[in-house]
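*Asks:* Got a structure for you, questions after.
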Amino acid sequence: MIQRPRGTRDFGPEEMEVRRHFEDMMRQESVLHGFREISTPIFEHTELFTLKSGPGVVEEIYAFQDKGGREICLRPELTASVMRFFVSDLATLPRPLKMFYFGQCFRYERPQAGRYREFFQFGAEIVGNPTPETDAEAIGLAAAILERTGLKDYRIRVGHIGILREMLANAGVTGDKALPILQKLDKKIYPEAEELMAQAGIETKVAQDIIGTTKVTGPISVLDSREGPASDYIRQVCDILLAMGFGNVSVDLGVVRGLAYYTGMVFEVDAPKLGAEKQICGGGSYSLSELFGGEKVFSTGFAIGFDRTLLALQTEGVPFVKRSITAFVVPVGDSVRTKAFEIASTLRRSGISADVDLMRRGVGKSLKYAATVPSRYAVIVGEKELESNSVTLRDMSSGEQTLVKMNDLVEKLKV
RNA sequence: GCCGGGAUGGGGUAGCCUGGUUAUCCUUGGGGACUGUGGAUCCCCGGACGCGCGUUCAAAUCGCGCUCUCGGCCCCA
């Protein structure tokens with residue numbers, strides 16, 4: 001027996017129905033918000049990701065040389081591909097450019113709860129100038145999608161890179177020198193952050209204030225005592241979200257991100273019921289296009305962990321509707337088997353889902369199968385019925401049977 | 001990369017410590033009883049010890065290695 005590769009999954013018919021259901025739901029919601037779908041290759045030049053995330057990422061991705069000696073990798077995320085696409089082909093489209101995408105990504109990591117080597121991401125990006133409106137629209141789409149899935153227990157936390165950057169800048173630490181400190185603060189390793197800040201000449205009192213800031217969480221009112229452009233900015237984003245009807249948004253200044261391309265607002269969504277891997281969505285505003293050789297453009301985007309979202313829905317017991325077919329055509333005896341296909345095909349051409357016996361089973365077994373599938377109706381075709389150019393239509397839930405003229409069958413089933 | 005629990009028909013399980021019959025029970029799949037009426041019942045059939053090496057007269061059981069899996073650490077673009 002051949003086992004499936006580590007960290008991958010097979011999806012059976014039932015599971016795929018559920019997955020497609022939510023996938024379609026996310027697409028529809030995005031279209032409602034004026035976003036348009038794009039798609040990029042599953043493999044890319046490895047350089048795309050080392051440019052964005054540093055040479056270290058190669059250790060964590062599926063990277064290899066192809067037969068032509070090119071350095072290739074399976075994409076570990078989608079934002080880099082989207083921005084590459086933007087720079088090469090989409091830069092002349094009118095802005096804001098609102099795009100969404102869905103697809104699988106690959107990371108060479110140790111699998112655990114909610115973490116796989118092949119996983120699925122749904123995401124969106126808005127390319128244009130950064131305004132609180134843009135950021136609110138991006139968070140708003142993520143929130144609307146999660147709301148529509150029926151998920152109840154999740155928190156949206158919004159922060160702003162600028163708040164800590166402003167404090168560090170006031171203390172005399174700017175630009176690249178601030179990055180290592182932000183990284184430690186992001187990971188909440190406070191002793192090392194203190195040490196770095198001391199080395200940078202920041203007074204202990206100010207350093208403590210900065211660390212205290214990363215612990216500020218709660219409703220928008222926690223910003224009331226704070227001044228400065230970044231705080232004002234978050235207030236505006238939150239006001240818009242509130243007006244859009246998304247009340248479950250809180251402020252968390254501990255959402256930091258120690259990467260240089262994040263420029264302003266950052267946000268995360270987590271579902272507390274999941275285990276160690278409970279973050280189901282993350283995003284923020286960033287500037288990446290210039291890294292890939294394009295003009296400098298600001299964007300805001302997010303990615304939803306599709307698999308984790310489904311896991312969260314599962315733990316909450318959100319019900320999934322099992323799909324059924326409308327009609328199962330049952331031939332009575334060998335003489336009418338071909339006729340059964342003719343009828344099934346007529347139904348299918350009329351857009352009615354229909355199945356037909358392939359196993360040459362008797363009427364009893366066929367009806368049993370039709371009940372299990374399940375099918376709403378059974379269309380019983382026998383010589384007796386055909387004499388009057390009719391079939392017997394059986395409602396599988398009530399057991400009620402009626403003789404129906406062949407010409408009326410499609411109308412009867414269209415309801 | 002690190003720590004621990006696992007892997008027995010399609011699914012769920014017993015057996016393993018203490019090696020030895022035809023490997024248990026439930027379920028699922030196919031056929032039949034029922035050559036024109038379903039989820040019931042009865043009968044029949046199919047189907048498994050993750051992979052490899054070793055110890056042994058004999059391995060699901062003991063030893064070693066590997067693969068996959070579940071949970072946690074690290075990481076998380």
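Chains: A, B, ... in order of the structure tokens. Residues: from 1 per chain. Ligands: from 1, in order shown.
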I need the contact residues of chain A against chain B, so if you could list those with any atom within 6 Å, counting only C-alpha atoms (C1' of nucleotides), and return them as a list in words, that would help.

*Replies:*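 Here is what falls inside 6 Å: Ser53, Gly364, Leu367 and Lys368 of chain A.
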
*Asks:* Grab the residues selected above and save them as a PDB file, in the first residue's frame with N, CA and C atoms.

*Replies:*
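Contents of out_29.pdb, freshly written:
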```
ATOM      1  N   SER A  53      10.962  37.331   1.608  1.00  0.00           N
ATOM      2  CA  SER A  53      11.057  36.877   2.998  1.00  0.00           C
ATOM      3  C   SER A  53      12.473  36.547   3.448  1.00  0.00           C
ATOM      4  N   GLY A 364     -36.245  -3.632  -6.644  1.00  0.00           N
ATOM      5  CA  GLY A 364     -36.098  -3.470  -5.187  1.00  0.00           C
ATOM      6  C   GLY A 364     -34.746  -2.896  -4.824  1.00  0.00           C
ATOM      7  N   LEU A 367     -34.299   0.775  -5.944  1.00  0.00           N
ATOM      8  CA  LEU A 367     -34.992   1.742  -5.100  1.00  0.00           C
ATOM      9  C   LEU A 367     -34.234   1.945  -3.789  1.00  0.00           C
ATOM     10  N   LYS A 368     -33.696   0.853  -3.288  1.00  0.00           N
ATOM     11  CA  LYS A 368     -32.904   0.953  -2.065  1.00  0.00           C
ATOM     12  C   LYS A 368     -31.694   1.866  -2.304  1.00  0.00           C
TER      13      LYS A 368
END
```

*Asks:* Measuring between only C-alpha atoms (C1' of nucleotides), which one of B:C16, B:C43, B:C26, B:C74 shows the shortest distance to U61 (chain B)?

*Replies:*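 Of the candidates, the smallest distance to U61 (chain B) is held by B:C16.
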
*Asks:* Do you know which residues are at most 10 Å from region 412-415 of chain A counting only C-alpha atoms (C1' of nucleotides), after dropping those on the same chain fewer than 2 positions away, and could you put them as a PyMOL selection string?

*Replies:* chain A and resi 326-327+347+350-353+376-377+393+404-405+407-410

*Asks:* Write the residues you've just listed into a file as a compact mmCIF listing (two decimals), in the first residue's frame, and include all heavy atoms for each of them.

*Replies:*
```
# COMPACT_ATOMS: atom_id res chain seq x y z
N THR A 326 -32.03 14.75 -8.07
CA THR A 326 -33.49 14.88 -8.17
C THR A 326 -34.14 13.55 -8.55
O THR A 326 -35.14 13.17 -7.94
CB THR A 326 -33.85 15.97 -9.20
OG1 THR A 326 -33.20 17.18 -8.81
CG2 THR A 326 -35.36 16.19 -9.25
N ALA A 327 -33.57 12.89 -9.53
CA ALA A 327 -34.27 11.70 -10.04
C ALA A 327 -33.34 10.53 -10.24
O ALA A 327 -32.21 10.70 -10.73
CB ALA A 327 -34.96 12.04 -11.36
N LEU A 347 -33.78 14.41 -18.98
CA LEU A 347 -33.81 15.16 -17.72
C LEU A 347 -32.55 16.01 -17.58
O LEU A 347 -32.60 17.18 -17.23
CB LEU A 347 -33.95 14.21 -16.54
CG LEU A 347 -35.28 13.43 -16.46
CD1 LEU A 347 -35.24 12.45 -15.29
CD2 LEU A 347 -36.45 14.39 -16.30
N SER A 350 -32.41 19.08 -19.49
CA SER A 350 -33.30 20.11 -18.94
C SER A 350 -32.77 20.67 -17.62
O SER A 350 -33.48 21.40 -16.93
CB SER A 350 -34.69 19.53 -18.71
OG SER A 350 -35.14 18.90 -19.88
N GLY A 351 -31.56 20.25 -17.26
CA GLY A 351 -30.96 20.79 -16.05
C GLY A 351 -31.43 20.11 -14.78
O GLY A 351 -31.27 20.65 -13.68
N ILE A 352 -32.02 18.93 -14.91
CA ILE A 352 -32.46 18.19 -13.73
C ILE A 352 -31.44 17.09 -13.46
O ILE A 352 -31.12 16.29 -14.34
CB ILE A 352 -33.85 17.56 -13.98
CG1 ILE A 352 -34.88 18.67 -14.17
CG2 ILE A 352 -34.24 16.64 -12.84
CD1 ILE A 352 -36.16 18.20 -14.82
N SER A 353 -30.91 17.08 -12.23
CA SER A 353 -29.89 16.08 -11.93
C SER A 353 -30.54 14.70 -11.91
O SER A 353 -31.55 14.49 -11.24
CB SER A 353 -29.22 16.39 -10.60
OG SER A 353 -30.16 16.44 -9.57
N ARG A 376 -34.41 12.44 -4.69
CA ARG A 376 -35.74 12.90 -4.25
C ARG A 376 -36.85 12.06 -4.87
O ARG A 376 -37.86 11.79 -4.25
CB ARG A 376 -35.95 14.37 -4.62
CG ARG A 376 -35.33 15.33 -3.63
CD ARG A 376 -35.82 16.75 -3.89
NE ARG A 376 -37.25 16.88 -3.65
CZ ARG A 376 -38.00 17.88 -4.14
NH1 ARG A 376 -37.45 18.79 -4.89
NH2 ARG A 376 -39.28 17.95 -3.87
N TYR A 377 -36.65 11.70 -6.13
CA TYR A 377 -37.67 10.91 -6.85
C TYR A 377 -37.02 9.68 -7.48
O TYR A 377 -35.83 9.68 -7.79
CB TYR A 377 -38.31 11.73 -7.97
CG TYR A 377 -39.11 12.90 -7.50
CD1 TYR A 377 -38.53 14.17 -7.44
CD2 TYR A 377 -40.44 12.76 -7.11
CE1 TYR A 377 -39.26 15.27 -7.00
CE2 TYR A 377 -41.18 13.85 -6.67
CZ TYR A 377 -40.59 15.11 -6.62
OH TYR A 377 -41.30 16.18 -6.18
N LEU A 393 -43.78 7.89 -11.33
CA LEU A 393 -42.94 8.81 -10.56
C LEU A 393 -43.18 8.55 -9.09
O LEU A 393 -44.30 8.64 -8.61
CB LEU A 393 -43.30 10.26 -10.91
CG LEU A 393 -42.44 11.34 -10.26
CD1 LEU A 393 -41.00 11.24 -10.72
CD2 LEU A 393 -43.00 12.73 -10.56
N VAL A 404 -47.11 9.36 -14.77
CA VAL A 404 -46.88 10.66 -15.40
C VAL A 404 -46.55 10.46 -16.87
O VAL A 404 -45.74 9.60 -17.22
CB VAL A 404 -45.70 11.38 -14.71
CG1 VAL A 404 -45.37 12.67 -15.44
CG2 VAL A 404 -46.02 11.66 -13.25
N LYS A 405 -47.21 11.24 -17.72
CA LYS A 405 -46.92 11.21 -19.16
C LYS A 405 -45.47 11.63 -19.39
O LYS A 405 -44.99 12.56 -18.73
CB LYS A 405 -47.85 12.18 -19.91
CG LYS A 405 -49.28 11.68 -20.04
CD LYS A 405 -49.42 10.68 -21.17
CE LYS A 405 -50.86 10.19 -21.26
NZ LYS A 405 -50.95 8.93 -22.04
N ASN A 407 -44.17 13.40 -21.58
CA ASN A 407 -44.03 14.81 -21.94
C ASN A 407 -44.14 15.74 -20.74
O ASN A 407 -43.68 16.87 -20.78
CB ASN A 407 -45.09 15.22 -22.98
CG ASN A 407 -44.82 14.56 -24.32
OD1 ASN A 407 -43.69 14.19 -24.62
ND2 ASN A 407 -45.86 14.38 -25.11
N ASP A 408 -44.78 15.26 -19.67
CA ASP A 408 -44.97 16.11 -18.49
C ASP A 408 -43.87 15.93 -17.45
O ASP A 408 -43.81 16.66 -16.47
CB ASP A 408 -46.33 15.81 -17.82
CG ASP A 408 -47.49 16.03 -18.78
OD1 ASP A 408 -47.30 16.82 -19.73
OD2 ASP A 408 -48.55 15.40 -18.59
N LEU A 409 -43.01 14.92 -17.66
CA LEU A 409 -42.04 14.55 -16.63
C LEU A 409 -41.12 15.70 -16.25
O LEU A 409 -40.92 15.99 -15.07
CB LEU A 409 -41.23 13.33 -17.10
CG LEU A 409 -40.27 12.75 -16.07
CD1 LEU A 409 -41.04 12.25 -14.86
CD2 LEU A 409 -39.45 11.62 -16.67
N VAL A 410 -40.56 16.37 -17.27
CA VAL A 410 -39.62 17.46 -16.99
C VAL A 410 -40.29 18.55 -16.15
O VAL A 410 -39.73 19.02 -15.16
CB VAL A 410 -39.06 18.05 -18.31
CG1 VAL A 410 -38.33 19.36 -18.03
CG2 VAL A 410 -38.14 17.05 -18.98
```

*Asks:* Can you list, as number ranges by chain, every residue of region 194-341 of chain A that DSSP puts in strand (DSSP E)?

*Replies:* A: 217-218, 249-252, 262-270, 279-286, 299-305, 325-331

*Asks:* Fewer than 6 positions away in the same chain doesn't count, so skip those; otherwise give me all residues within 12 Å of Glu387 (chain A), counting only C-alpha atoms (C1' of nucleotides), as an mmCIF file with N, CA, C and O atoms, in the first residue's frame.

*Replies:*
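Output (around.cif):
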```cif
data_model
loop_
_atom_site.group_PDB
_atom_site.id
_atom_site.type_symbol
_atom_site.label_atom_id
_atom_site.label_comp_id
_atom_site.auth_asym_id
_atom_site.auth_seq_id
_atom_site.Cartn_x
_atom_site.Cartn_y
_atom_site.Cartn_z
ATOM 1 N N VAL A 336 -35.946 -2.425 -21.225
ATOM 2 C CA VAL A 336 -36.105 -0.965 -21.178
ATOM 3 C C VAL A 336 -34.867 -0.229 -20.666
ATOM 4 O O VAL A 336 -34.923 0.957 -20.372
ATOM 5 N N VAL A 381 -39.396 2.968 -14.972
ATOM 6 C CA VAL A 381 -39.694 2.793 -16.393
ATOM 7 C C VAL A 381 -39.904 1.314 -16.670
ATOM 8 O O VAL A 381 -38.988 0.515 -16.509
ATOM 9 N N LEU A 403 -48.693 8.071 -12.022
ATOM 10 C CA LEU A 403 -48.376 7.797 -13.408
ATOM 11 C C LEU A 403 -48.254 9.141 -14.124
ATOM 12 O O LEU A 403 -49.151 9.974 -14.026
ATOM 13 N N LYS A 405 -47.207 11.241 -17.717
ATOM 14 C CA LYS A 405 -46.919 11.206 -19.162
ATOM 15 C C LYS A 405 -45.466 11.629 -19.385
ATOM 16 O O LYS A 405 -44.988 12.558 -18.731
ATOM 17 N N MET A 406 -44.817 10.996 -20.307
ATOM 18 C CA MET A 406 -43.417 11.297 -20.596
ATOM 19 C C MET A 406 -43.215 12.794 -20.850
ATOM 20 O O MET A 406 -42.256 13.388 -20.382
#
```

*Asks:* Compile the contact shell of Ala303 (chain A) as a list of chain:residue names: residues with an atom at most 7 Å away, counting only C-alpha atoms (C1' of nucleotides), same-chain residues fewer than 2 positions apart removed.

*Replies:*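 The contact residues come out as A:Gln121, A:Phe122, A:Gly123, A:Ala124, A:Cys281, A:Gly282, A:Gly283, A:Gly305.
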
*Asks:* Residues of the last selection are to be written out with all heavy atoms, as an mmCIF file, in the first residue's frame.

*Replies:*
```
data_model
loop_
_atom_site.group_PDB
_atom_site.id
_atom_site.type_symbol
_atom_site.label_atom_id
_atom_site.label_comp_id
_atom_site.auth_asym_id
_atom_site.auth_seq_id
_atom_site.Cartn_x
_atom_site.Cartn_y
_atom_site.Cartn_z
ATOM 1 N N GLN A 121 -5.463 28.523 0.765
ATOM 2 C CA GLN A 121 -5.630 29.904 1.206
ATOM 3 C C GLN A 121 -6.628 30.627 0.326
ATOM 4 O O GLN A 121 -6.635 30.471 -0.892
ATOM 5 C CB GLN A 121 -4.300 30.657 1.114
ATOM 6 C CG GLN A 121 -3.429 30.508 2.330
ATOM 7 C CD GLN A 121 -2.306 31.540 2.348
ATOM 8 O OE1 GLN A 121 -2.062 32.237 1.369
ATOM 9 N NE2 GLN A 121 -1.622 31.636 3.480
ATOM 10 N N PHE A 122 -7.456 31.429 0.973
ATOM 11 C CA PHE A 122 -8.306 32.358 0.249
ATOM 12 C C PHE A 122 -7.807 33.734 0.633
ATOM 13 O O PHE A 122 -7.586 34.022 1.807
ATOM 14 C CB PHE A 122 -9.764 32.204 0.681
ATOM 15 C CG PHE A 122 -10.694 33.025 -0.156
ATOM 16 C CD1 PHE A 122 -11.348 32.446 -1.223
ATOM 17 C CD2 PHE A 122 -10.870 34.368 0.096
ATOM 18 C CE1 PHE A 122 -12.180 33.206 -2.030
ATOM 19 C CE2 PHE A 122 -11.702 35.137 -0.708
ATOM 20 C CZ PHE A 122 -12.362 34.560 -1.771
ATOM 21 N N GLY A 123 -7.623 34.618 -0.353
ATOM 22 C CA GLY A 123 -7.097 35.917 0.012
ATOM 23 C C GLY A 123 -7.558 37.008 -0.924
ATOM 24 O O GLY A 123 -8.158 36.736 -1.976
ATOM 25 N N ALA A 124 -7.298 38.232 -0.536
ATOM 26 C CA ALA A 124 -7.658 39.372 -1.367
ATOM 27 C C ALA A 124 -6.635 40.474 -1.171
ATOM 28 O O ALA A 124 -5.997 40.554 -0.120
ATOM 29 C CB ALA A 124 -9.057 39.872 -0.987
ATOM 30 N N CYS A 281 -6.845 34.016 9.999
ATOM 31 C CA CYS A 281 -6.719 35.061 8.982
ATOM 32 C C CYS A 281 -5.687 36.078 9.438
ATOM 33 O O CYS A 281 -5.568 36.355 10.643
ATOM 34 C CB CYS A 281 -8.078 35.737 8.775
ATOM 35 S SG CYS A 281 -8.053 37.134 7.633
ATOM 36 N N GLY A 282 -4.935 36.622 8.485
ATOM 37 C CA GLY A 282 -3.970 37.656 8.823
ATOM 38 C C GLY A 282 -3.799 38.591 7.636
ATOM 39 O O GLY A 282 -3.964 38.179 6.485
ATOM 40 N N GLY A 283 -3.498 39.834 7.925
ATOM 41 C CA GLY A 283 -3.318 40.750 6.811
ATOM 42 C C GLY A 283 -2.820 42.095 7.277
ATOM 43 O O GLY A 283 -2.507 42.292 8.450
ATOM 44 N N GLY A 305 -6.898 31.291 6.197
ATOM 45 C CA GLY A 305 -6.518 29.879 6.189
ATOM 46 C C GLY A 305 -7.791 29.054 6.012
ATOM 47 O O GLY A 305 -8.566 28.902 6.943
#
```

*Asks:* Where does DSSP see helix (DSSP H, G or I) in region 136-321 of chain A, if you list the residues as a PyMOL selection string?

*Replies:* chain A and resi 136-149+161-170+175-186+190-199+204-214+220-223+229-243+289-292+306-315

*Asks:* Find the distance between CA of Val237 (chain A) and CA of Ser221 (chain A) and write it in Å to one decimal.

*Replies:*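 Result for CA of Val237 (chain A) versus CA of Ser221 (chain A): 13.3 Å, one decimal.
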
*Asks:* Could you check which of A:Pro191, A:Ile325, A:Leu313, A:Glu44 is closest to Gln65 (chain A), using only C-alpha atoms?

*Replies:* A:Glu44

*Asks:* Hey, can you check how far CA of Ser397 (chain A) sits from CA of Arg20 (chain A)?

*Replies:*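 Between CA of Ser397 (chain A) and CA of Arg20 (chain A) the gap works out to 26.8 Å.
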